[in-house]
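Student: Below is the structure I would like to discuss, written out as structure tokens.
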Amino acid sequence: RYYDASQSIVFEYIRMLKELNMSIAEIADYCKHPAPEKFLQIADRKEAEIDLEIRRLKRARNILKTKKAQVRLCEGLPDEEIRVEACGAVKISVLPYDFSGDDLSRLFTDLKSQWGIEQIRMGIGSFLSLDKVTAGSFETYDGLFTYSSGSASGPHRPAGRYLCGYQKGPWDKAPAMYQKMIDYARRQHLTLTGFAYELGLNEFAISSPEEYVTKFMIQIDDPC
């Protein structure tokens, strides 16, 4: 078939509407009864949908960038390392959870209802008080956390220097790592404070628990 210039332009607009997920019935209805007000309503609605999709894709890109950085970090780590790192304040979302119950099957469902799937994709960590760490009491944690992309209000992991431990292997090696971090702090005359944070860095990129890398963080109490 042959189309003149005006028909070709209209055809391209129809293709655009189709690419914006308008149904064939919606497009046909508009083409039968075009009007400025009707077009503006469609344009406003689709513009809002595009803005939402752009924000969703930006969040997905940020998650991918974070995960790539974590995997690259893990690739360069020895099986075990302890070091001091300067960290900025980070917005987190927390959920009390002591791990003492045995109904773990509901945990992921509960987390999705509390945080949403995009928050979960940022990674889920756990935290416990420094008192429990020094006492070697790992049976009951204080809760779970995830990094938050929400507003600036709410709980933060404070800015400052942190004693960080990197441990390769399953979680049952965590108590030994904590003891090594406590010993390191004593040798370096570091005073620790607050909570100990644990976060897996590469669970999405390994095939064996022996390759699993956990990062442990405890804030250093620096005098002002």
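Chain identifiers are assigned as A, B, and so on, following the order in which chains appear in the structure tokens; residues are numbered from 1 within each chain, and ligands are numbered from 1 in order of appearance.
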Could you write out, as an MDAnalysis selection string, all the residues of region 68-121 of chain A that DSSP marks as helix (DSSP H, G or I)?

Tutor: chainID A and resid 68:75 104:115 117:121

Student: Please identify all polymer residues within 6 Å of region 85-91 of chain A, counting only C-alpha atoms, omitting same-chain residues fewer than 4 positions from it, and present them as a VMD selection string.

Tutor: chain A and resid 148 156 to 162

Student: Those residues with N, CA, C and O atoms, as a compact mmCIF listing (two decimals), in the first residue's frame please?

Tutor:
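What landed in selection24.txt:
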```
# COMPACT_ATOMS: atom_id res chain seq x y z
N SER A 148 18.38 1.73 52.45
CA SER A 148 17.12 2.35 52.05
C SER A 148 17.37 3.47 51.05
O SER A 148 18.33 4.22 51.17
N HIS A 156 19.72 5.58 60.69
CA HIS A 156 20.93 5.60 59.87
C HIS A 156 21.98 4.71 60.51
O HIS A 156 22.01 4.55 61.74
N ARG A 157 22.84 4.17 59.69
CA ARG A 157 24.10 3.65 60.20
C ARG A 157 25.02 4.86 60.25
O ARG A 157 25.28 5.47 59.23
N PRO A 158 25.51 5.23 61.44
CA PRO A 158 26.20 6.52 61.57
C PRO A 158 27.48 6.61 60.73
O PRO A 158 28.11 5.60 60.42
N ALA A 159 27.83 7.85 60.40
CA ALA A 159 29.10 8.09 59.73
C ALA A 159 30.24 7.92 60.71
O ALA A 159 30.07 8.06 61.93
N GLY A 160 31.42 7.60 60.20
CA GLY A 160 32.59 7.48 61.06
C GLY A 160 33.53 6.39 60.57
O GLY A 160 33.37 5.85 59.48
N ARG A 161 34.51 6.10 61.40
CA ARG A 161 35.42 4.99 61.09
C ARG A 161 34.84 3.69 61.62
O ARG A 161 34.27 3.64 62.71
N TYR A 162 34.99 2.65 60.82
CA TYR A 162 34.47 1.33 61.20
C TYR A 162 35.60 0.30 61.12
O TYR A 162 36.43 0.33 60.19
```

Student: May I have the residues within 10 Å of Glu203 (chain A) as an NGL selection string, using only C-alpha atoms and disregarding those fewer than 2 positions away in the same chain?

Tutor: :A and (71 or 123 or 200-201 or 205-209 or 211-214)

Student: Using only C-alpha atoms, can you tell me which of A:Ile124, A:Ile54, A:Leu163, A:Ala48 comes closest to Tyr147 (chain A)?

Tutor: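 Smallest separation from Tyr147 (chain A) among the options: A:Ile124.
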
Student: For the structure I just gave you, how does DSSP split region 21-125 of chain A - specifically, which residues are strand (DSSP E)? Reply as a list in words.

Tutor: Glu80, Glu81, Ile82, Arg83, Val84, Glu85, Ala86, Cys87, Val90, Lys91, Ile92, Ser93, Val94, Leu95, Pro96 and Gly125 of chain A

Student: Can you pull out the residues contacting Asp29 (chain A)? Cut-off 12 Å, using only C-alpha atoms, and skip same-chain residues under 5 positions away; I want them as a VMD selection string.

Tutor: chain A and resid 14 22 to 24 34 to 35 38 to 39

Student: Between A:Tyr13, A:Tyr184, A:Tyr30, A:Tyr178, which residue has the minimum interatomic distance to Asp131 (chain A), considering only C-alpha atoms?

Tutor: A:Tyr178

Student: Fewer than 3 positions away in the same chain doesn't count, so skip those; otherwise give me all residues within 6 Å of Tyr197 (chain A), counting only C-alpha atoms, as a PyMOL selection string.

Tutor: chain A and resi 126-127+216-217

Student: Quick one: pull the distance between CA of Ile218 (chain A) and CA of Leu130 (chain A), Å, one decimal.

Tutor: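 Spanning CA of Ile218 (chain A) to CA of Leu130 (chain A) is a straight-line distance of 7.9 Å.
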
Student: I need the residue nearest Glu80 (chain A) from this list: A:Asp142, A:Cys164, A:Gln119, A:Leu20. Use only C-alpha atoms for the distance.

Tutor: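 Smallest distance to Glu80 (chain A) is found for A:Cys164.
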
Student: Find, counting only C-alpha atoms, the residue in A:Ile82, A:Met122, A:Ala69, A:Ile92 that gets nearest to Gln179 (chain A).

Tutor: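 The shortest atom-to-atom distance to Gln179 (chain A) comes from A:Ile82.
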
Student: Looking at A:Val94, A:Cys74, A:Ala60, A:Ala25, which one is nearest to Lys168 (chain A), with distances taken over only C-alpha atoms?

Tutor: A:Cys74
